[in-house]
Each structure stands twice: as C-alpha cells, then as structure tokens.
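A quick write-up on the structure given underneath.
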Amino acid sequence: MELKDNIRLEALPKHIAIIMDGNGRWAKQKGMIRAFGHENGTKAVRQVVEASAELGINNLTLYAFSTENWNRPKLEVKTLMKLLISSLRKEIKTLQDNNIQLSAIGNLNLLPEKVHKELTEVIQATSKNSRMTLTLALSYGSREELISTVKEISNKVKNNIIPIETIDESIINKHLYTQNLPDVDLLIRTSGEQRISNFLLWQIAYAELYFTHTLWPDFTKDELYKAIIEYQKRERRFGKTSEQLS
Ligand code: IPE
Ligand code: IPE
Ligand code: MG
C-alpha cells in the first residue's frame, strides 16, 4: 500500500498554503551557493503542484517571495527573479496539461517588468483552466495586503459606496488579494522554522499548522501526502466542544 492510499479523498483540505523555506541551507549542506538551492526548489514546486492536482486539491498557494525578501542581497534577488521567469516559461506546459489556473497575490507592481509580463501571460493563458487554482505569493506581505485592504474600504466609505455599519468579515475578504480563495485549511512550513513570516495572517485564522524539518528542495509528493494525513487526524473544533462535533 502506498502512502497516498491513506488519504481520505472526501476530507481533503480545500486550500493548502505552503511556506517553501530552506533552499539556502539545502545548498549550503551540499557545499553549493544559495542559487543552487533555489534552482532545486523549483523541482519540489512541480512535485507538489502535480500531487495536489492529482489528489483533487482545489487551491494551492505557494509563498515564493515576501515583501521582506526584497532586503536580501541584490544578486540573490536578481537570481530569484530570473528563476521565476524561466520557471514560468517552463511550467506553463505542466499547468496546461493538468488543467491548472495560475494566479498571483502580492504587490506585483514592484516586480521587474519582465517578471510581470511573463506572469501576466501565464495567468491569461491558463485563465480557463478549472481543476485547481495555483496562487503564487510574490512580493507578498500580509501586513501590506491588510494596509491595501483598509485603504480600499476606506475609499469606498468616503465615497458613500459602503456604509460603515455593513463592514464585516465578508467585505474584508472581498478586498484582500485572496478575494477568490477560501480560508486556508492547512498551512505547511518546511525547514524547521516555526513562524509565519508575514504570510496570510487573516486567512490562516483557523488553519491547521504543519511544520517539517525537511528542507524545501527535498520536499516530495510523499511529504505532501504525510502532511495531509496528519491534517486528517486533527479535530477541527472551531471553538466548539468535541462532543458538539460528534
Ligand atoms: C526559501 O528558502 C526561498 C525564499 C525565501 C525565496 P531560503 O532562501 O529562505 O532558504 P534558507 O531559509 O536561507 O535556508
Ligand atoms: C519566508 O521565508 C518567505 C518565503 C518562503 C518566500 P524566509 O526565509 O524569508 O523567512 P524568515 O525571514 O526566515 O522568517
Ligand atoms: Mg528562509
């Protein structure tokens, strides 16, 4: 029996989000430069995207570059942006073959022109695909997202489009970058760090958190299956008592 067969398909998380961490350490362990880790990280991305689509996960969101990552050495940022362009070009076929729609969240205007262009093209080209939505968080920071949300809503209030009294969770959801996505059910972080690093703070309010020491380039389909099996063992109470649920 394969690991995958332990997953209950009727109880899949609707939205998995992953903080893909540990590329640099993976490369260092091999005596290589950080860029080598990032390159190999793209292989793990393909594994996880394919495995998610095959299982029937509807939404997969990957944290690829944070607002804070702009503070890394210039050369590393440049390498990451180049890698992004080449991966988008290369993976468009994987997306089309698997009927996956690409989407992006973050302050995308900060991305270099070339990345922005490539990204827009792939988003356009896959916009009719319906099996799974793959969202890349790029130049993404949850606080930045919340600031932009507050500004948008404030503007609508100022222009009498939204009465203050009607502001509720659903209005806030509609103004987040993730407006079309359901709440995160399962948040995975690789590399052993146990922190959120400014990722989807609002959207993970009731997510199950899963931390693994595996470094991102070593993350395989089986690693994803393990996380989902663990998720399915958890009791999600949403504030209720265990007795109320059964
Ligand atoms: C994750 O790996 C990739 C990005 C944040 C872009 P890191 O580059 O953070 O690798 P470590 O954490 O230094 O090992
Ligand atoms: C978080 O990883 C961001 C991404 C995975 C894109 P970092 O490596 O940047 O996080 P910190 O700085 O260690 O918290
Ligand atoms: Mg890191």
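Identifiers for the structure tokens are assigned positionally: chains receive A, B, ... in sequence, residues are indexed from 1 per chain, and ligands are indexed from 1 in the order shown.
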Neighbours of ligand 2 at 7 Å or closer, counting only C-alpha atoms and all ligand atoms: which residues, as a PyMOL selection string?
chain A and resi 19-22+63-66+68-69+195+197
Within 9 Å of stretch 149-158 of chain A, counting only C-alpha atoms, which residues qualify if same-chain residues fewer than 4 places away don't, as a PDB file with C-alpha atoms, in the first residue's frame?
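Resulting contents of around.pdb:
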ATOM      1  CA  GLU A 144       0.964  45.160   3.149  1.00  0.00           C
ATOM      2  CA  GLU A 145      -2.157  43.323   1.960  1.00  0.00           C
ATOM      3  CA  ILE A 162     -20.127  51.200   1.586  1.00  0.00           C
ATOM      4  CA  PRO A 163     -21.881  52.286   4.813  1.00  0.00           C
ATOM      5  CA  ILE A 164     -19.528  51.771   7.793  1.00  0.00           C
ATOM      6  CA  ILE A 167     -18.276  46.256   7.170  1.00  0.00           C
ATOM      7  CA  ILE A 171     -16.434  42.653   2.990  1.00  0.00           C
ATOM      8  CA  ILE A 172     -12.886  42.390   4.258  1.00  0.00           C
ATOM      9  CA  ASN A 173     -12.432  39.058   2.455  1.00  0.00           C
ATOM     10  CA  LYS A 174     -13.618  40.645  -0.778  1.00  0.00           C
ATOM     11  CA  HIS A 175     -10.937  43.326  -0.588  1.00  0.00           C
ATOM     12  CA  LEU A 176      -7.983  41.068   0.188  1.00  0.00           C
ATOM     13  CA  TYR A 177      -5.644  39.870  -2.589  1.00  0.00           C
TER      14      TYR A 177
END
So, with only C-alpha atoms and all ligand atoms as the atoms that count, which of A:Pro217, A:Gly31, A:Gly24, A:Gly37 lies closest to ligand 3?
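Smallest separation from ligand 3 among the options: A:Gly24.
Within the 8 Å cut-off around stretch 222-238 of chain A, using only C-alpha atoms and omitting residues fewer than 5 positions from it on the same chain, the listed residues are Leu3, Lys4, Asn6, Ile7, Arg8, Ala11, Leu12, Pro13, Val48, Ala51, Leu186, Ile188, Tyr206, Glu208, Tyr210 and Leu245 of chain A.
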From a DSSP calculation on the backbone, collect every residue of stretch 30-195 of chain A in strand (DSSP E or B) and output the set as a ChimeraX atom specification.
/A:59-66,100-105,132-140,186-189
Dump N, CA, C and O atoms for the selected residues as an mmCIF file, in the first residue's frame?
data_model
loop_
_atom_site.group_PDB
_atom_site.id
_atom_site.type_symbol
_atom_site.label_atom_id
_atom_site.label_comp_id
_atom_site.auth_asym_id
_atom_site.auth_seq_id
_atom_site.Cartn_x
_atom_site.Cartn_y
_atom_site.Cartn_z
ATOM 1 N N ASN A 59 -7.282 24.383 -4.194
ATOM 2 C CA ASN A 59 -6.489 25.609 -4.101
ATOM 3 C C ASN A 59 -5.154 25.357 -3.421
ATOM 4 O O ASN A 59 -5.117 24.837 -2.310
ATOM 5 N N LEU A 60 -4.101 25.751 -4.127
ATOM 6 C CA LEU A 60 -2.745 25.623 -3.578
ATOM 7 C C LEU A 60 -2.084 26.996 -3.680
ATOM 8 O O LEU A 60 -2.060 27.598 -4.752
ATOM 9 N N THR A 61 -1.602 27.499 -2.542
ATOM 10 C CA THR A 61 -0.951 28.809 -2.544
ATOM 11 C C THR A 61 0.481 28.660 -2.048
ATOM 12 O O THR A 61 0.723 28.084 -0.989
ATOM 13 N N LEU A 62 1.421 29.140 -2.848
ATOM 14 C CA LEU A 62 2.832 28.980 -2.524
ATOM 15 C C LEU A 62 3.494 30.328 -2.259
ATOM 16 O O LEU A 62 3.399 31.256 -3.075
ATOM 17 N N TYR A 63 4.159 30.411 -1.103
ATOM 18 C CA TYR A 63 4.873 31.642 -0.735
ATOM 19 C C TYR A 63 6.239 31.584 -1.413
ATOM 20 O O TYR A 63 7.123 30.826 -1.016
ATOM 21 N N ALA A 64 6.406 32.372 -2.459
ATOM 22 C CA ALA A 64 7.631 32.307 -3.252
ATOM 23 C C ALA A 64 8.583 33.465 -2.976
ATOM 24 O O ALA A 64 9.803 33.321 -3.108
ATOM 25 N N PHE A 65 8.016 34.630 -2.602
ATOM 26 C CA PHE A 65 8.879 35.804 -2.364
ATOM 27 C C PHE A 65 8.113 36.802 -1.506
ATOM 28 O O PHE A 65 7.029 37.237 -1.872
ATOM 29 N N SER A 66 8.696 37.143 -0.363
ATOM 30 C CA SER A 66 7.976 38.026 0.564
ATOM 31 C C SER A 66 8.390 39.484 0.385
ATOM 32 O O SER A 66 9.426 39.775 -0.238
ATOM 33 N N ILE A 100 -4.593 23.472 -14.750
ATOM 34 C CA ILE A 100 -4.399 24.316 -13.563
ATOM 35 C C ILE A 100 -4.372 25.800 -13.957
ATOM 36 O O ILE A 100 -3.710 26.195 -14.912
ATOM 37 N N GLN A 101 -5.091 26.574 -13.179
ATOM 38 C CA GLN A 101 -5.137 28.022 -13.392
ATOM 39 C C GLN A 101 -4.089 28.695 -12.518
ATOM 40 O O GLN A 101 -3.984 28.383 -11.331
ATOM 41 N N LEU A 102 -3.324 29.611 -13.097
ATOM 42 C CA LEU A 102 -2.328 30.324 -12.290
ATOM 43 C C LEU A 102 -2.878 31.673 -11.850
ATOM 44 O O LEU A 102 -3.582 32.358 -12.605
ATOM 45 N N SER A 103 -2.561 32.026 -10.628
ATOM 46 C CA SER A 103 -2.960 33.315 -10.101
ATOM 47 C C SER A 103 -1.795 33.857 -9.263
ATOM 48 O O SER A 103 -0.867 33.115 -8.935
ATOM 49 N N ALA A 104 -1.822 35.133 -8.931
ATOM 50 C CA ALA A 104 -0.736 35.695 -8.126
ATOM 51 C C ALA A 104 -1.293 36.705 -7.130
ATOM 52 O O ALA A 104 -2.252 37.420 -7.427
ATOM 53 N N ILE A 105 -0.703 36.730 -5.941
ATOM 54 C CA ILE A 105 -1.073 37.724 -4.938
ATOM 55 C C ILE A 105 0.184 38.432 -4.459
ATOM 56 O O ILE A 105 1.271 37.852 -4.471
ATOM 57 N N MET A 132 -7.644 23.158 -10.649
ATOM 58 C CA MET A 132 -7.045 23.683 -9.422
ATOM 59 C C MET A 132 -6.554 25.110 -9.671
ATOM 60 O O MET A 132 -6.160 25.440 -10.782
ATOM 61 N N THR A 133 -6.624 25.938 -8.628
ATOM 62 C CA THR A 133 -6.024 27.267 -8.719
ATOM 63 C C THR A 133 -4.701 27.250 -7.969
ATOM 64 O O THR A 133 -4.654 26.949 -6.782
ATOM 65 N N LEU A 134 -3.637 27.557 -8.710
ATOM 66 C CA LEU A 134 -2.315 27.666 -8.101
ATOM 67 C C LEU A 134 -2.012 29.155 -7.942
ATOM 68 O O LEU A 134 -1.964 29.892 -8.924
ATOM 69 N N THR A 135 -1.878 29.592 -6.705
ATOM 70 C CA THR A 135 -1.615 31.008 -6.458
ATOM 71 C C THR A 135 -0.183 31.189 -5.971
ATOM 72 O O THR A 135 0.242 30.542 -5.014
ATOM 73 N N LEU A 136 0.548 32.054 -6.652
ATOM 74 C CA LEU A 136 1.910 32.368 -6.217
ATOM 75 C C LEU A 136 1.873 33.656 -5.409
ATOM 76 O O LEU A 136 1.357 34.676 -5.874
ATOM 77 N N ALA A 137 2.420 33.594 -4.198
ATOM 78 C CA ALA A 137 2.542 34.807 -3.398
ATOM 79 C C ALA A 137 3.906 35.407 -3.709
ATOM 80 O O ALA A 137 4.948 34.847 -3.370
ATOM 81 N N LEU A 138 3.877 36.548 -4.390
ATOM 82 C CA LEU A 138 5.099 37.172 -4.907
ATOM 83 C C LEU A 138 5.164 38.617 -4.462
ATOM 84 O O LEU A 138 4.201 39.365 -4.680
ATOM 85 N N SER A 139 6.259 38.994 -3.869
ATOM 86 C CA SER A 139 6.336 40.341 -3.305
ATOM 87 C C SER A 139 5.124 40.498 -2.390
ATOM 88 O O SER A 139 4.447 41.518 -2.368
ATOM 89 N N TYR A 140 4.843 39.404 -1.664
ATOM 90 C CA TYR A 140 3.664 39.356 -0.804
ATOM 91 C C TYR A 140 4.035 39.562 0.657
ATOM 92 O O TYR A 140 5.009 38.981 1.161
ATOM 93 N N LEU A 186 -4.953 24.109 5.599
ATOM 94 C CA LEU A 186 -3.684 23.506 6.009
ATOM 95 C C LEU A 186 -2.527 24.403 5.591
ATOM 96 O O LEU A 186 -2.389 24.727 4.411
ATOM 97 N N LEU A 187 -1.741 24.819 6.578
ATOM 98 C CA LEU A 187 -0.542 25.615 6.295
ATOM 99 C C LEU A 187 0.689 24.769 6.600
ATOM 100 O O LEU A 187 0.852 24.274 7.711
ATOM 101 N N ILE A 188 1.533 24.622 5.597
ATOM 102 C CA ILE A 188 2.760 23.821 5.743
ATOM 103 C C ILE A 188 3.967 24.752 5.717
ATOM 104 O O ILE A 188 4.029 25.670 4.897
ATOM 105 N N ARG A 189 4.915 24.541 6.631
ATOM 106 C CA ARG A 189 6.202 25.239 6.502
ATOM 107 C C ARG A 189 7.331 24.227 6.587
ATOM 108 O O ARG A 189 7.388 23.417 7.516
#
Report as a ChimeraX atom specification: the residues of stretch 8-243 of chain A with a DSSP assignment of helix (DSSP H, G or I), based on the backbone of this structure.
/A:9-11,23-29,34-55,68-71,74-97,108-110,113-125,142-158,164-166,169-175,216-218,221-233,242-243
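Between atom CA of A:Ile196 and atom CA of A:Phe211 there is a distance of 10.7 Å.
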Counting only C-alpha atoms, what is within 7 Å of A:Thr212, bar same-chain residues fewer than 6 positions away, as a list of chain:residue names?
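What passes the distance filter is A:Arg189, A:Thr190, A:Ser191, A:Gly192.
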Dump all heavy atoms for the selected residues as a PDB file, in the first residue's frame?
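selection_0.pdb was written with the following content:
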ATOM      1  N   ARG A 189       4.915  24.541   6.631  1.00  0.00           N
ATOM      2  CA  ARG A 189       6.202  25.239   6.502  1.00  0.00           C
ATOM      3  C   ARG A 189       7.331  24.227   6.587  1.00  0.00           C
ATOM      4  O   ARG A 189       7.388  23.417   7.516  1.00  0.00           O
ATOM      5  CB  ARG A 189       6.396  26.319   7.568  1.00  0.00           C
ATOM      6  CG  ARG A 189       7.744  27.045   7.347  1.00  0.00           C
ATOM      7  CD  ARG A 189       7.929  28.268   8.203  1.00  0.00           C
ATOM      8  NE  ARG A 189       9.116  29.017   7.748  1.00  0.00           N
ATOM      9  CZ  ARG A 189       9.262  30.323   7.820  1.00  0.00           C
ATOM     10  NH1 ARG A 189       8.301  31.060   8.302  1.00  0.00           N
ATOM     11  NH2 ARG A 189      10.365  30.901   7.395  1.00  0.00           N
ATOM     12  N   THR A 190       8.236  24.298   5.636  1.00  0.00           N
ATOM     13  CA  THR A 190       9.388  23.398   5.631  1.00  0.00           C
ATOM     14  C   THR A 190      10.568  24.071   6.338  1.00  0.00           C
ATOM     15  O   THR A 190      10.506  25.240   6.695  1.00  0.00           O
ATOM     16  CB  THR A 190       9.795  23.041   4.187  1.00  0.00           C
ATOM     17  OG1 THR A 190      10.092  24.247   3.468  1.00  0.00           O
ATOM     18  CG2 THR A 190       8.686  22.291   3.471  1.00  0.00           C
ATOM     19  N   SER A 191      11.616  23.305   6.549  1.00  0.00           N
ATOM     20  CA  SER A 191      12.930  23.760   7.036  1.00  0.00           C
ATOM     21  C   SER A 191      13.059  23.867   8.549  1.00  0.00           C
ATOM     22  O   SER A 191      14.109  24.275   9.041  1.00  0.00           O
ATOM     23  CB  SER A 191      13.355  25.097   6.401  1.00  0.00           C
ATOM     24  OG  SER A 191      12.911  26.202   7.180  1.00  0.00           O
ATOM     25  N   GLY A 192      12.018  23.521   9.286  1.00  0.00           N
ATOM     26  CA  GLY A 192      12.133  23.505  10.742  1.00  0.00           C
ATOM     27  C   GLY A 192      11.779  24.812  11.436  1.00  0.00           C
ATOM     28  O   GLY A 192      11.578  24.818  12.645  1.00  0.00           O
TER      29      GLY A 192
END
